[in-house]
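Content type mmCIF, C-alpha atoms, from the file coords_6.cif:
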data_start
#
loop_
_atom_site.label_atom_id
_atom_site.label_comp_id
_atom_site.auth_asym_id
_atom_site.auth_seq_id
_atom_site.Cartn_x
_atom_site.Cartn_y
_atom_site.Cartn_z
CA ALA A 201 0.00 0.00 0.00
CA VAL A 202 1.06 3.58 -0.64
CA LEU A 203 1.49 5.86 2.38
CA GLY A 204 -0.90 8.43 0.89
CA SER A 205 -3.74 5.86 0.88
CA PHE A 206 -3.83 5.87 4.70
CA HIS A 207 -5.66 8.57 6.64
CA ILE A 208 -2.85 10.11 8.76
CA ASP A 209 -3.46 13.09 11.07
CA ASP A 210 -1.29 15.18 13.40
CA GLY A 211 -0.29 13.25 16.50
CA PHE A 212 -0.42 9.84 14.83
CA ARG A 213 2.53 7.52 15.15
CA LEU A 214 3.68 5.51 12.16
CA HIS A 215 5.41 2.16 12.72
CA VAL A 216 7.15 0.66 9.68
CA ILE A 217 8.73 -2.78 9.50
CA ASP A 218 11.06 -3.28 6.54
CA ASP A 219 11.63 -6.93 5.70
CA SER A 220 13.48 -6.17 2.47
CA LYS A 221 17.00 -5.97 3.92
CA SER A 222 19.00 -8.89 5.20
CA LYS A 223 20.04 -8.89 8.85
CA GLY A 224 23.46 -7.34 9.46
CA GLU A 225 23.66 -5.87 5.96
CA PHE A 226 24.74 -2.43 7.18
CA GLU A 227 26.68 -3.46 10.30
CA ASN A 228 29.59 -5.23 8.55
CA THR A 229 31.76 -2.50 6.98
CA ALA A 230 34.61 -4.89 6.06
CA THR A 231 33.13 -5.49 2.62
CA VAL A 232 32.79 -1.78 1.83
CA GLU A 233 35.43 -0.44 -0.54
CA LYS A 234 37.19 2.49 1.09
CA PHE A 235 38.42 5.66 -0.61
CA GLU A 236 42.07 6.28 0.18
CA LEU A 237 44.71 8.75 -0.96
CA THR A 238 48.43 8.59 -0.48
CA LYS A 239 50.13 11.58 1.16
CA GLU A 240 51.59 12.59 -2.21
CA GLU A 241 48.19 12.51 -3.93
CA TYR A 242 46.65 14.53 -1.10
CA SER A 243 49.47 17.11 -1.26
CA GLN A 244 48.87 17.63 -5.00
CA LYS A 245 45.19 18.48 -4.56
CA THR A 246 44.33 22.21 -4.43
CA ASP A 247 40.96 22.03 -2.65
CA THR A 248 42.10 20.54 0.68
CA VAL A 249 42.65 21.95 4.15
CA GLN A 250 46.38 21.34 3.76
CA ALA A 251 46.46 23.38 0.53
CA TYR A 252 44.52 26.18 2.22
CA LEU A 253 46.94 26.25 5.18
CA LYS A 254 49.96 26.29 2.86
CA ARG A 255 48.47 28.98 0.64
CA ASN A 256 47.68 31.25 3.60
CA LYS A 257 50.79 30.29 5.59
CA LEU A 258 48.82 29.16 8.64
CA GLY A 259 49.69 26.72 11.42
CA LYS A 260 52.76 24.60 10.84
CA TYR A 261 53.18 26.13 7.38
CA ASN A 262 53.94 29.57 8.87
CA GLU A 263 57.70 29.45 9.36
CA GLU A 264 57.84 32.67 11.39
CA GLU A 265 55.18 31.46 13.83
CA MET A 266 56.83 28.07 14.21
CA ALA A 267 60.22 29.70 14.85
CA ALA A 268 58.62 31.97 17.48
CA LEU A 269 56.99 28.96 19.18
CA ALA A 270 60.29 27.06 19.20
CA LYS A 271 62.08 30.07 20.69
CA GLU A 272 59.35 30.49 23.34
CA LYS A 273 59.61 26.80 24.26
CA GLU A 274 63.40 27.07 24.53
CA GLU A 275 63.11 30.16 26.77
CA GLN A 276 60.58 28.41 29.00
CA GLU A 277 62.92 25.42 29.42
CA LYS A 278 65.81 27.75 30.32
CA GLU A 279 63.55 29.55 32.83
CA GLU A 280 62.61 26.20 34.42
CA GLU A 281 66.26 25.15 34.58
CA ASN A 282 67.21 28.50 36.17
CA ARG A 283 64.42 28.11 38.73
CA ILE A 284 65.71 24.65 39.64
CA GLU A 285 69.20 26.07 40.20
CA SER A 286 68.11 29.25 42.01
CA GLN A 287 65.69 27.40 44.32
CA SER A 288 68.25 24.64 44.95
CA ILE A 289 65.75 21.97 43.99
CA LYS A 290 67.72 18.80 44.71
CA VAL A 291 66.85 15.18 45.39
CA ASP A 292 65.82 14.48 49.03
CA ALA A 293 65.07 18.17 49.76
CA ARG A 294 61.83 18.85 51.66
CA CYS A 295 59.29 20.82 49.69
CA GLN A 296 55.80 22.23 49.54
CA VAL A 297 53.89 21.87 46.27
CA THR A 298 51.36 24.52 45.31
CA VAL A 299 49.37 23.75 42.16
CA PRO A 300 46.52 26.15 41.26
CA GLY A 301 43.14 24.62 42.06
CA GLN A 302 44.57 22.05 44.48
CA LEU A 303 45.43 21.97 48.18
CA GLN A 304 49.05 22.51 49.17
CA LYS A 305 50.96 19.26 49.62
CA ARG A 306 54.22 18.50 51.40
CA GLY A 307 56.80 15.93 50.50
CA SER A 308 60.36 15.20 49.42
CA VAL A 309 61.95 15.77 46.03
CA LYS A 310 62.89 12.42 44.49
CA PHE A 311 63.62 13.37 40.87
CA VAL A 312 64.67 16.49 38.93
CA GLY A 313 65.01 16.42 35.15
CA LYS A 314 63.35 15.83 31.81
CA VAL A 315 60.79 13.07 31.31
CA HIS A 316 59.49 11.12 28.33
CA PHE A 317 55.79 11.97 28.75
CA GLN A 318 55.95 15.80 28.57
CA PRO A 319 58.44 18.42 27.37
CA GLY A 320 60.45 20.60 29.74
CA TRP A 321 61.83 20.14 33.24
CA TRP A 322 59.86 18.24 35.90
CA VAL A 323 60.21 17.59 39.62
CA GLY A 324 59.22 14.19 40.97
CA VAL A 325 57.83 14.42 44.50
CA GLN A 326 57.03 11.75 47.09
CA TYR A 327 54.16 13.23 49.08
CA ASP A 328 53.74 12.69 52.82
CA GLU A 329 50.16 11.50 52.28
CA PRO A 330 48.63 9.34 49.53
CA THR A 331 47.53 12.34 47.42
CA GLY A 332 49.70 11.54 44.38
CA LYS A 333 48.93 9.89 41.09
CA ASN A 334 51.66 7.26 40.79
CA ASP A 335 54.52 5.35 42.41
CA GLY A 336 57.34 7.24 40.69
CA SER A 337 56.80 5.65 37.30
CA VAL A 338 54.80 6.89 34.31
CA GLY A 339 54.00 4.85 31.22
CA GLY A 340 56.20 1.98 32.35
CA GLN A 341 59.28 4.18 32.88
CA ARG A 342 60.51 4.50 36.48
CA TYR A 343 61.97 7.83 37.63
CA PHE A 344 61.98 7.15 41.40
CA THR A 345 60.49 4.64 43.83
CA CYS A 346 57.75 5.29 46.38
CA PRO A 347 54.49 3.66 47.52
CA ALA A 348 51.51 3.75 45.13
CA LYS A 349 49.56 7.06 45.19
CA TYR A 350 52.40 8.87 46.99
CA GLY A 351 54.25 10.08 43.87
CA GLY A 352 53.65 12.90 41.46
CA PHE A 353 55.35 15.11 38.89
CA VAL A 354 55.03 18.90 38.91
CA LYS A 355 56.65 21.82 37.12
CA PRO A 356 59.46 23.60 39.03
CA LYS A 357 57.37 26.77 39.44
CA SER A 358 54.97 24.81 41.70
CA VAL A 359 57.73 23.65 44.08
CA GLU A 360 58.98 25.60 47.10
CA ILE A 361 62.04 24.20 48.89
CA GLY A 362 62.35 24.79 52.63
CA ASP A 363 61.97 23.40 56.12
CA PHE A 364 58.58 21.77 55.70
CA PRO A 365 58.24 19.04 58.32
CA GLU A 366 55.63 16.33 57.88
CA GLU A 367 52.29 17.63 59.13
CA ASP A 368 51.16 15.81 62.24
CA LEU A 369 47.54 14.91 61.64
CA ASP A 370 45.78 14.05 64.91
CA PHE A 371 42.75 11.87 64.26
CA SER A 372 42.16 10.94 67.90
CA ASP A 373 38.66 11.34 69.36
CA GLY A 374 39.97 13.36 72.33
CA GLU A 375 39.08 16.97 71.55
CA MET A 376 36.44 18.34 69.21
#

Could you render the structure as structure tokens?
Amino acid sequence: AVLGSFHIDDGFRLHVIDDSKSKGEFENTATVEKFELTKEEYSQKTDTVQAYLKRNKLGKYNEEEMAALAKEKEEQEKEEENRIESQSIKVDARCQVTVPGQLQKRGSVKFVGKVHFQPGWWVGVQYDEPTGKNDGSVGGQRYFTCPAKYGGFVKPKSVEIGDFPEEDLDFSDGEM
């Protein structure tokens, strides 16, 4: 029957069952031929995002901008290295970590250097309480050893070296 032969008004619900397709016909995409271009073919096209970026010297195709970003990154690394030296951030030094949006934490410096998971200089800290994210290793690479959830990595600007004794938390039921 044709849909127009039925009396359909506003508010009606139409339920259609289509028995013409075979089950799973559209779920298996392995049999669908895919359209693929090599990088060379894509580079030769003139109506692509890459061609637009090259033509207008945007993003990674703007040599001046990329040079400025590289210089900025280099300056930031030097600044971090200078902060490490000026603050005397050394392994086994007591520290207080202040990260914006988080409570201050105390601990001991266990690692100072560059890591594989992020660019720049990092400070590995063993916290006094289990407020960390790791055990001194990230992505299977160990930088220092501490109990699980006691370790963390922060940028040097978040670390303050000083006489920060472990906080004595009194959980006794004596005074309230």

**OP:** Do a neighbour search on A:Val309 at 10 Å with only C-alpha atoms, toss out local chain neighbours closer than 6 positions, and write the hits as a ChimeraX atom specification.
**Re:** /A:289-296,323-327,344,351-353,359,361

Original post:
What is the atom CA of A:Glu285 to atom CA of A:Trp322 distance in Å?
Top reply: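 Distance between the two atoms: 12.9 Å.
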
Starting from 4 Å padding per side, set up an axis-aligned box that covers all listed atoms of stretch 288-304 of chain A and hand over centre and edge lengths in Å, one decimal, as JSON.
{"center_x": 55.7, "center_y": 20.3, "center_z": 46.5, "size_x": 33.1, "size_y": 19.7, "size_z": 18.4}

Subject >> Reference answer for the PyMOL selection byres ((chain A and resi 343) around 9), as JSON, numbers by chain >> reply: {"A": [310, 311, 315, 324, 336, 337, 338, 341, 342, 344, 345]}

**OP:** Find the distance between atom CA of A:Asp328 and atom CA of A:Gln304 and write it in Å to one decimal.
**Re:**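 Atom-to-atom, atom CA of A:Asp328 to atom CA of A:Gln304, that is 11.5 Å.
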
Original post:
Using all atoms listed in the file, which of the listed residues (A:Ala268, A:Glu367, A:Glu275, A:Phe317) sits closest to A:Lys305?
Top reply: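 That would be A:Glu367, the residue with the smallest distance to A:Lys305.
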